[in-house]
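Text of upload.pdb, listed as PDB, C-alpha atoms:
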ATOM      1  CA  MET A  33     -42.169  -8.414  24.137  1.00  0.00           C
ATOM      2  CA  ASN A  34     -44.775 -11.192  24.210  1.00  0.00           C
ATOM      3  CA  GLN A  35     -46.707  -9.407  21.461  1.00  0.00           C
ATOM      4  CA  ARG A  36     -43.641  -9.424  19.207  1.00  0.00           C
ATOM      5  CA  ARG A  37     -42.840 -12.997  20.172  1.00  0.00           C
ATOM      6  CA  HIS A  38     -46.248 -14.448  19.290  1.00  0.00           C
ATOM      7  CA  GLY A  39     -47.759 -11.717  17.118  1.00  0.00           C
ATOM      8  CA  PRO A  40     -51.304 -12.559  15.962  1.00  0.00           C
ATOM      9  CA  LEU A  41     -51.076 -16.231  16.947  1.00  0.00           C
ATOM     10  CA  PRO A  42     -52.956 -15.969  20.279  1.00  0.00           C
ATOM     11  CA  HIS A  43     -55.953 -14.332  18.588  1.00  0.00           C
ATOM     12  CA  LEU A  44     -56.030 -16.894  15.780  1.00  0.00           C
ATOM     13  CA  LEU A  45     -55.690 -19.815  18.187  1.00  0.00           C
ATOM     14  CA  VAL A  46     -58.690 -18.509  20.127  1.00  0.00           C
ATOM     15  CA  VAL A  47     -60.688 -18.849  16.902  1.00  0.00           C
ATOM     16  CA  LEU A  48     -59.431 -22.432  16.529  1.00  0.00           C
ATOM     17  CA  THR A  49     -60.607 -23.070  20.088  1.00  0.00           C
ATOM     18  CA  LEU A  50     -64.067 -21.861  19.073  1.00  0.00           C
ATOM     19  CA  VAL A  51     -63.908 -24.301  16.156  1.00  0.00           C
ATOM     20  CA  THR A  52     -63.064 -27.100  18.584  1.00  0.00           C
ATOM     21  CA  GLY A  53     -66.264 -26.399  20.514  1.00  0.00           C
ATOM     22  CA  LEU A  54     -68.307 -26.396  17.322  1.00  0.00           C
ATOM     23  CA  VAL A  55     -66.802 -29.632  16.057  1.00  0.00           C
ATOM     24  CA  ASP A  56     -67.128 -31.515  19.331  1.00  0.00           C
ATOM     25  CA  ALA A  57     -70.741 -30.365  19.618  1.00  0.00           C
ATOM     26  CA  THR A  58     -71.312 -31.759  16.134  1.00  0.00           C
ATOM     27  CA  SER A  59     -69.728 -35.106  16.889  1.00  0.00           C
ATOM     28  CA  PHE A  60     -71.042 -35.669  20.408  1.00  0.00           C
ATOM     29  CA  LEU A  61     -74.605 -34.520  19.800  1.00  0.00           C
ATOM     30  CA  GLY A  62     -75.026 -35.690  16.229  1.00  0.00           C
ATOM     31  CA  LEU A  63     -72.576 -38.468  15.371  1.00  0.00           C
ATOM     32  CA  GLY A  64     -73.005 -41.066  18.060  1.00  0.00           C
ATOM     33  CA  THR A  65     -71.617 -39.868  21.412  1.00  0.00           C
ATOM     34  CA  VAL A  66     -68.024 -39.311  20.309  1.00  0.00           C
ATOM     35  CA  PHE A  67     -65.479 -36.542  20.775  1.00  0.00           C
ATOM     36  CA  VAL A  68     -63.278 -35.816  17.781  1.00  0.00           C
ATOM     37  CA  ALA A  69     -61.094 -33.248  19.567  1.00  0.00           C
ATOM     38  CA  ASN A  70     -61.174 -34.247  23.247  1.00  0.00           C
ATOM     39  CA  GLN A  71     -59.469 -37.628  23.193  1.00  0.00           C
ATOM     40  CA  THR A  72     -59.515 -37.907  26.977  1.00  0.00           C
ATOM     41  CA  GLY A  73     -63.281 -38.121  26.637  1.00  0.00           C
ATOM     42  CA  ASN A  74     -63.010 -40.772  23.933  1.00  0.00           C
ATOM     43  CA  VAL A  75     -60.691 -42.961  25.993  1.00  0.00           C
ATOM     44  CA  VAL A  76     -63.030 -42.730  28.975  1.00  0.00           C
ATOM     45  CA  LEU A  77     -66.140 -43.402  26.867  1.00  0.00           C
ATOM     46  CA  LEU A  78     -64.443 -46.383  25.237  1.00  0.00           C
ATOM     47  CA  GLY A  79     -63.476 -47.737  28.645  1.00  0.00           C
ATOM     48  CA  PHE A  80     -67.040 -47.333  29.912  1.00  0.00           C
ATOM     49  CA  ALA A  81     -68.453 -49.061  26.838  1.00  0.00           C
ATOM     50  CA  LEU A  82     -66.022 -51.973  26.990  1.00  0.00           C
ATOM     51  CA  GLY A  83     -66.716 -52.233  30.700  1.00  0.00           C
ATOM     52  CA  GLY A  84     -70.337 -53.052  30.024  1.00  0.00           C
ATOM     53  CA  ALA A  85     -72.170 -49.722  29.784  1.00  0.00           C
ATOM     54  CA  ALA A  86     -74.720 -50.851  27.235  1.00  0.00           C
ATOM     55  CA  ALA A  87     -75.943 -47.372  26.357  1.00  0.00           C
ATOM     56  CA  LEU A  88     -72.506 -46.237  25.152  1.00  0.00           C
ATOM     57  CA  PRO A  89     -71.061 -47.076  21.715  1.00  0.00           C
ATOM     58  CA  VAL A  90     -67.685 -48.693  21.071  1.00  0.00           C
ATOM     59  CA  LEU A  91     -67.205 -48.057  17.360  1.00  0.00           C
ATOM     60  CA  SER A  92     -67.624 -44.282  17.220  1.00  0.00           C
ATOM     61  CA  PRO A  93     -65.058 -43.362  19.931  1.00  0.00           C
ATOM     62  CA  LEU A  94     -62.681 -45.927  18.474  1.00  0.00           C
ATOM     63  CA  ILE A  95     -62.980 -44.354  15.009  1.00  0.00           C
ATOM     64  CA  GLY A  96     -62.520 -40.912  16.529  1.00  0.00           C
ATOM     65  CA  LEU A  97     -59.420 -41.977  18.443  1.00  0.00           C
ATOM     66  CA  VAL A  98     -57.767 -43.655  15.455  1.00  0.00           C
ATOM     67  CA  SER A  99     -58.600 -40.785  13.096  1.00  0.00           C
ATOM     68  CA  PHE A 100     -57.207 -38.250  15.560  1.00  0.00           C
ATOM     69  CA  ALA A 101     -53.990 -40.262  15.882  1.00  0.00           C
ATOM     70  CA  VAL A 102     -53.520 -40.393  12.109  1.00  0.00           C
ATOM     71  CA  GLY A 103     -54.141 -36.645  11.842  1.00  0.00           C
ATOM     72  CA  ALA A 104     -51.567 -35.940  14.549  1.00  0.00           C
ATOM     73  CA  ILE A 105     -49.013 -38.087  12.711  1.00  0.00           C
ATOM     74  CA  LEU A 106     -49.717 -36.255   9.445  1.00  0.00           C
ATOM     75  CA  GLY A 107     -49.093 -32.980  11.249  1.00  0.00           C
ATOM     76  CA  ARG A 108     -45.421 -33.925  11.547  1.00  0.00           C
ATOM     77  CA  TRP A 109     -44.909 -33.604   7.821  1.00  0.00           C
ATOM     78  CA  LEU A 110     -45.865 -29.965   7.395  1.00  0.00           C
ATOM     79  CA  ARG A 111     -42.898 -27.628   7.159  1.00  0.00           C
ATOM     80  CA  GLY A 112     -42.314 -23.905   7.328  1.00  0.00           C
ATOM     81  CA  ASP A 113     -42.306 -21.014   9.759  1.00  0.00           C
ATOM     82  CA  ARG A 114     -45.130 -20.483  12.228  1.00  0.00           C
ATOM     83  CA  GLY A 115     -47.198 -18.437   9.796  1.00  0.00           C
ATOM     84  CA  ARG A 116     -46.898 -21.022   7.049  1.00  0.00           C
ATOM     85  CA  LEU A 117     -47.709 -23.843   9.465  1.00  0.00           C
ATOM     86  CA  LEU A 118     -50.887 -22.117  10.584  1.00  0.00           C
ATOM     87  CA  THR A 119     -51.872 -21.204   7.021  1.00  0.00           C
ATOM     88  CA  LEU A 120     -51.416 -24.761   5.736  1.00  0.00           C
ATOM     89  CA  GLY A 121     -52.943 -26.299   8.831  1.00  0.00           C
ATOM     90  CA  ALA A 122     -56.072 -24.146   8.662  1.00  0.00           C
ATOM     91  CA  ALA A 123     -56.424 -24.846   4.929  1.00  0.00           C
ATOM     92  CA  ILE A 124     -56.159 -28.609   5.366  1.00  0.00           C
ATOM     93  CA  GLU A 125     -58.381 -28.601   8.424  1.00  0.00           C
ATOM     94  CA  GLY A 126     -60.984 -26.495   6.636  1.00  0.00           C
ATOM     95  CA  THR A 127     -60.927 -28.887   3.690  1.00  0.00           C
ATOM     96  CA  LEU A 128     -61.455 -31.873   5.979  1.00  0.00           C
ATOM     97  CA  ALA A 129     -64.323 -30.092   7.739  1.00  0.00           C
ATOM     98  CA  ALA A 130     -65.853 -29.353   4.331  1.00  0.00           C
ATOM     99  CA  VAL A 131     -65.575 -33.061   3.459  1.00  0.00           C
ATOM    100  CA  ALA A 132     -67.387 -33.882   6.701  1.00  0.00           C
ATOM    101  CA  LEU A 133     -70.058 -31.343   5.769  1.00  0.00           C
ATOM    102  CA  VAL A 134     -70.615 -33.031   2.401  1.00  0.00           C
ATOM    103  CA  LEU A 135     -70.824 -36.434   4.095  1.00  0.00           C
ATOM    104  CA  VAL A 136     -73.397 -35.114   6.562  1.00  0.00           C
ATOM    105  CA  LEU A 137     -75.474 -33.689   3.722  1.00  0.00           C
ATOM    106  CA  TYR A 138     -75.385 -36.676   1.404  1.00  0.00           C
ATOM    107  CA  LEU A 139     -74.800 -39.779   3.551  1.00  0.00           C
ATOM    108  CA  SER A 140     -76.929 -41.176   6.330  1.00  0.00           C
ATOM    109  CA  ASN A 141     -73.986 -43.040   7.891  1.00  0.00           C
ATOM    110  CA  VAL A 142     -73.040 -41.237  11.120  1.00  0.00           C
ATOM    111  CA  TYR A 143     -69.601 -42.850  11.259  1.00  0.00           C
ATOM    112  CA  ALA A 144     -68.276 -41.441   7.987  1.00  0.00           C
ATOM    113  CA  PRO A 145     -67.991 -37.758   9.070  1.00  0.00           C
ATOM    114  CA  ILE A 146     -66.087 -38.785  12.202  1.00  0.00           C
ATOM    115  CA  VAL A 147     -63.057 -39.708  10.090  1.00  0.00           C
ATOM    116  CA  PRO A 148     -62.331 -36.319   8.450  1.00  0.00           C
ATOM    117  CA  LEU A 149     -63.228 -34.468  11.656  1.00  0.00           C
ATOM    118  CA  GLY A 150     -60.890 -36.662  13.709  1.00  0.00           C
ATOM    119  CA  LEU A 151     -58.122 -36.148  11.150  1.00  0.00           C
ATOM    120  CA  ALA A 152     -58.668 -32.392  11.291  1.00  0.00           C
ATOM    121  CA  MET A 153     -58.531 -32.216  15.071  1.00  0.00           C
ATOM    122  CA  GLY A 154     -55.437 -34.423  15.256  1.00  0.00           C
ATOM    123  CA  LEU A 155     -53.685 -32.217  12.710  1.00  0.00           C
ATOM    124  CA  GLN A 156     -54.746 -29.086  14.594  1.00  0.00           C
ATOM    125  CA  ASN A 157     -53.338 -30.399  17.854  1.00  0.00           C
ATOM    126  CA  ALA A 158     -50.018 -31.358  16.273  1.00  0.00           C
ATOM    127  CA  LEU A 159     -49.612 -27.924  14.681  1.00  0.00           C
ATOM    128  CA  VAL A 160     -50.646 -26.023  17.801  1.00  0.00           C
ATOM    129  CA  ARG A 161     -47.947 -27.835  19.751  1.00  0.00           C
ATOM    130  CA  ARG A 162     -45.403 -26.707  17.188  1.00  0.00           C
ATOM    131  CA  LEU A 163     -46.646 -23.131  17.277  1.00  0.00           C
ATOM    132  CA  ALA A 164     -45.959 -23.234  21.032  1.00  0.00           C
ATOM    133  CA  VAL A 165     -48.093 -20.374  22.324  1.00  0.00           C
ATOM    134  CA  PRO A 166     -48.392 -20.958  26.094  1.00  0.00           C
ATOM    135  CA  ASP A 167     -51.841 -21.778  27.505  1.00  0.00           C
ATOM    136  CA  LEU A 168     -53.545 -21.875  24.092  1.00  0.00           C
ATOM    137  CA  ASN A 169     -53.618 -25.515  23.018  1.00  0.00           C
ATOM    138  CA  THR A 170     -57.178 -25.139  21.580  1.00  0.00           C
ATOM    139  CA  THR A 171     -58.570 -28.433  22.935  1.00  0.00           C
ATOM    140  CA  VAL A 172     -57.279 -29.496  26.363  1.00  0.00           C
ATOM    141  CA  ILE A 173     -58.854 -27.246  28.969  1.00  0.00           C
ATOM    142  CA  THR A 174     -58.175 -29.251  32.160  1.00  0.00           C
ATOM    143  CA  SER A 175     -54.525 -28.214  32.436  1.00  0.00           C
ATOM    144  CA  THR A 176     -55.353 -24.664  31.361  1.00  0.00           C
ATOM    145  CA  LEU A 177     -58.082 -24.339  33.978  1.00  0.00           C
ATOM    146  CA  THR A 178     -55.812 -25.842  36.637  1.00  0.00           C
ATOM    147  CA  GLY A 179     -53.113 -23.319  35.838  1.00  0.00           C
ATOM    148  CA  LEU A 180     -55.597 -20.472  35.941  1.00  0.00           C
ATOM    149  CA  LEU A 181     -56.985 -21.457  39.338  1.00  0.00           C
ATOM    150  CA  SER A 182     -53.924 -22.823  41.112  1.00  0.00           C
ATOM    151  CA  GLU A 183     -51.281 -20.439  39.776  1.00  0.00           C
ATOM    152  CA  PRO A 184     -53.147 -17.153  39.219  1.00  0.00           C
ATOM    153  CA  LEU A 185     -50.051 -14.974  39.582  1.00  0.00           C
ATOM    154  CA  LEU A 186     -47.472 -17.167  37.894  1.00  0.00           C
ATOM    155  CA  GLY A 187     -46.338 -15.737  34.580  1.00  0.00           C
ATOM    156  CA  GLY A 188     -48.141 -12.439  35.030  1.00  0.00           C
ATOM    157  CA  GLN A 189     -51.516 -11.235  33.886  1.00  0.00           C
ATOM    158  CA  GLY A 190     -50.817 -12.100  30.250  1.00  0.00           C
ATOM    159  CA  ARG A 191     -50.789 -15.851  30.886  1.00  0.00           C
ATOM    160  CA  ALA A 192     -53.814 -15.669  33.172  1.00  0.00           C
ATOM    161  CA  GLY A 193     -55.669 -13.757  30.476  1.00  0.00           C
ATOM    162  CA  ARG A 194     -54.795 -16.335  27.816  1.00  0.00           C
ATOM    163  CA  ARG A 195     -55.899 -19.163  30.091  1.00  0.00           C
ATOM    164  CA  ALA A 196     -59.234 -17.540  30.863  1.00  0.00           C
ATOM    165  CA  THR A 197     -59.786 -16.687  27.200  1.00  0.00           C
ATOM    166  CA  SER A 198     -59.033 -20.265  26.159  1.00  0.00           C
ATOM    167  CA  VAL A 199     -61.564 -21.701  28.602  1.00  0.00           C
ATOM    168  CA  ALA A 200     -64.181 -19.132  27.599  1.00  0.00           C
ATOM    169  CA  ALA A 201     -63.599 -19.715  23.875  1.00  0.00           C
ATOM    170  CA  LEU A 202     -64.157 -23.463  24.150  1.00  0.00           C
ATOM    171  CA  PHE A 203     -67.305 -22.890  26.206  1.00  0.00           C
ATOM    172  CA  VAL A 204     -68.680 -20.358  23.716  1.00  0.00           C
ATOM    173  CA  GLY A 205     -67.868 -22.639  20.767  1.00  0.00           C
ATOM    174  CA  ALA A 206     -69.629 -25.555  22.469  1.00  0.00           C
ATOM    175  CA  LEU A 207     -72.578 -23.331  23.380  1.00  0.00           C
ATOM    176  CA  ILE A 208     -73.002 -22.059  19.829  1.00  0.00           C
ATOM    177  CA  GLY A 209     -72.489 -25.561  18.479  1.00  0.00           C
ATOM    178  CA  GLY A 210     -75.063 -26.997  20.853  1.00  0.00           C
ATOM    179  CA  VAL A 211     -77.641 -24.407  19.835  1.00  0.00           C
ATOM    180  CA  LEU A 212     -76.965 -24.900  16.120  1.00  0.00           C
ATOM    181  CA  VAL A 213     -77.043 -28.699  16.274  1.00  0.00           C
ATOM    182  CA  THR A 214     -80.237 -28.676  18.348  1.00  0.00           C
ATOM    183  CA  TYR A 215     -82.200 -26.095  16.386  1.00  0.00           C
ATOM    184  CA  THR A 216     -80.736 -26.073  12.862  1.00  0.00           C
ATOM    185  CA  GLY A 217     -78.791 -29.303  12.314  1.00  0.00           C
ATOM    186  CA  LEU A 218     -75.250 -30.530  11.796  1.00  0.00           C
ATOM    187  CA  ALA A 219     -74.747 -28.851   8.431  1.00  0.00           C
ATOM    188  CA  TYR A 220     -75.018 -25.309   9.776  1.00  0.00           C
ATOM    189  CA  THR A 221     -72.625 -26.096  12.619  1.00  0.00           C
ATOM    190  CA  LEU A 222     -70.017 -27.556  10.306  1.00  0.00           C
ATOM    191  CA  GLY A 223     -70.575 -24.749   7.813  1.00  0.00           C
ATOM    192  CA  LEU A 224     -69.700 -22.181  10.479  1.00  0.00           C
ATOM    193  CA  ALA A 225     -66.584 -24.180  11.397  1.00  0.00           C
ATOM    194  CA  VAL A 226     -65.489 -24.207   7.746  1.00  0.00           C
ATOM    195  CA  LEU A 227     -65.956 -20.427   7.478  1.00  0.00           C
ATOM    196  CA  LEU A 228     -63.937 -19.794  10.639  1.00  0.00           C
ATOM    197  CA  LEU A 229     -61.120 -22.052   9.455  1.00  0.00           C
ATOM    198  CA  ALA A 230     -61.067 -20.299   6.084  1.00  0.00           C
ATOM    199  CA  ALA A 231     -60.822 -16.953   7.885  1.00  0.00           C
ATOM    200  CA  VAL A 232     -57.928 -18.166  10.048  1.00  0.00           C
ATOM    201  CA  GLY A 233     -56.080 -19.483   7.010  1.00  0.00           C
ATOM    202  CA  ALA A 234     -56.592 -16.291   5.000  1.00  0.00           C
ATOM    203  CA  ILE A 235     -55.552 -13.991   7.849  1.00  0.00           C
ATOM    204  CA  ALA A 236     -52.506 -16.120   8.654  1.00  0.00           C
ATOM    205  CA  TYR A 237     -51.467 -16.032   4.993  1.00  0.00           C
ATOM    206  CA  LEU A 238     -51.790 -12.249   4.721  1.00  0.00           C
ATOM    207  CA  LEU A 239     -49.960 -11.597   7.983  1.00  0.00           C
ATOM    208  CA  THR A 240     -47.204 -14.049   7.093  1.00  0.00           C
ATOM    209  CA  ARG A 241     -46.493 -12.072   3.931  1.00  0.00           C
ATOM    210  CA  ARG A 242     -45.941  -8.981   6.073  1.00  0.00           C
ATOM    211  CA  GLY A 243     -43.284 -10.765   8.117  1.00  0.00           C
ATOM    212  CA  GLY A 244     -42.412 -10.262  11.776  1.00  0.00           C
ATOM    213  CA  GLU A 245     -40.566 -11.736  14.724  1.00  0.00           C
ATOM    214  CA  TRP A 246     -43.512 -13.974  15.566  1.00  0.00           C
ATOM    215  CA  LEU A 247     -42.856 -16.187  12.542  1.00  0.00           C
ATOM    216  CA  VAL A 248     -39.814 -17.766  14.182  1.00  0.00           C
ATOM    217  CA  HIS A 249     -40.314 -19.626  17.439  1.00  0.00           C
ATOM    218  CA  ARG A 250     -37.774 -18.937  20.166  1.00  0.00           C
ATOM    219  CA  SER A 251     -37.958 -21.116  23.239  1.00  0.00           C
TER
END
Could you render the structure from this file as structure tokens?
Amino acid sequence: MNQRRHGPLPHLLVVLTLVTGLVDATSFLGLGTVFVANQTGNVVLLGFALGGAAALPVLSPLIGLVSFAVGAILGRWLRGDRGRLLTLGAAIEGTLAAVALVLVLYLSNVYAPIVPLGLAMGLQNALVRRLAVPDLNTTVITSTLTGLLSEPLLGGQGRAGRRATSVAALFVGALIGGVLVTYTGLAYTLGLAVLLLAAVGAIAYLLTRRGGEWLVHRS
């Protein structure tokens, strides 16, 4: 029943969670101590910086927070069934990540790539909320981990499996991103994110054409 209800969405959202790890590794390690997906981290970093922590920046988390907010607002305007939403969202997000890649390659300003990456992550979060697959929000792991540890039997093994997979996917994405940023540079990390987003968009498009119950959300 759950398979028919959500179809391929859980698998594709796991890939988006991997992308989140890659993108946050790029921004935090290479663009001035800023999260473009994890806005809880940005709010805390901004509070620390404004509170007098001299080693922490103010501008980069502020840019990340504002860009994310604009991306989330833009996510309201996309229309269609769940397959179309994911196809369009992945296409737009991949384009924004590609813009960030170009900025990394050709500009020395670390603030510029934060804008398209923040827009992309805000859009992703807005669309994932509308897709409404439980325990796969692609960025916020605190609530997912809490549910996994405090309610291990609630909702059956399917929900526990999704929660564990979500946590693992973000960790693996951050791990791969950390290795790539450290040993190869930002461009390779963003390039991998662009490829994964293109794959999600292409697969979502092909599966949407085949139809299925998963295309229509039922609460």
Find the spatial neighbours of region 108-115 of chain A, counting only C-alpha atoms, within a cut-off of 8 Å - ignore same-chain residues fewer than 2 positions away - and output them as a PyMOL selection string.
-> chain A and resi 104-106+117-120+158-159+162-163+236-237+239-240+246-249
Hey, which of A:Val147, A:Leu177, A:Ala152, A:Val55 ends up closest to Gly223 (chain A)? Count only C-alpha atoms.
-> A:Val55
List the residues selected by the PyMOL selection byres ((chain A and resi 60) around 12) in the file shown, writing them as a PyMOL selection string.
-> chain A and resi 52-59+61-70+73-74+77+88-89+92-93+96+142-143+145-146+149+206+209-210+213-214+218
Hits of the PyMOL selection byres ((chain A and resi 171) around 10) in this structure, as a PyMOL selection string = chain A and resi 48-53+56+69-71+153+156-157+160+168-170+172-174+176+198-199+202
Within 12 Å of Thr178 (chain A), counting only C-alpha atoms, which residues qualify if same-chain residues fewer than 6 places away don't, as a count of residues only?
-> 7
Two-atom distance - CA of His43 (chain A), CA of Arg241 (chain A) (Å) =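 It comes out at 17.6 Å.
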Have a look at CA of Thr72 (chain A) and CA of Phe100 (chain A) and let me know their distance in Å, one decimal.
->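 CA of Thr72 (chain A) sits 11.7 Å away from CA of Phe100 (chain A).
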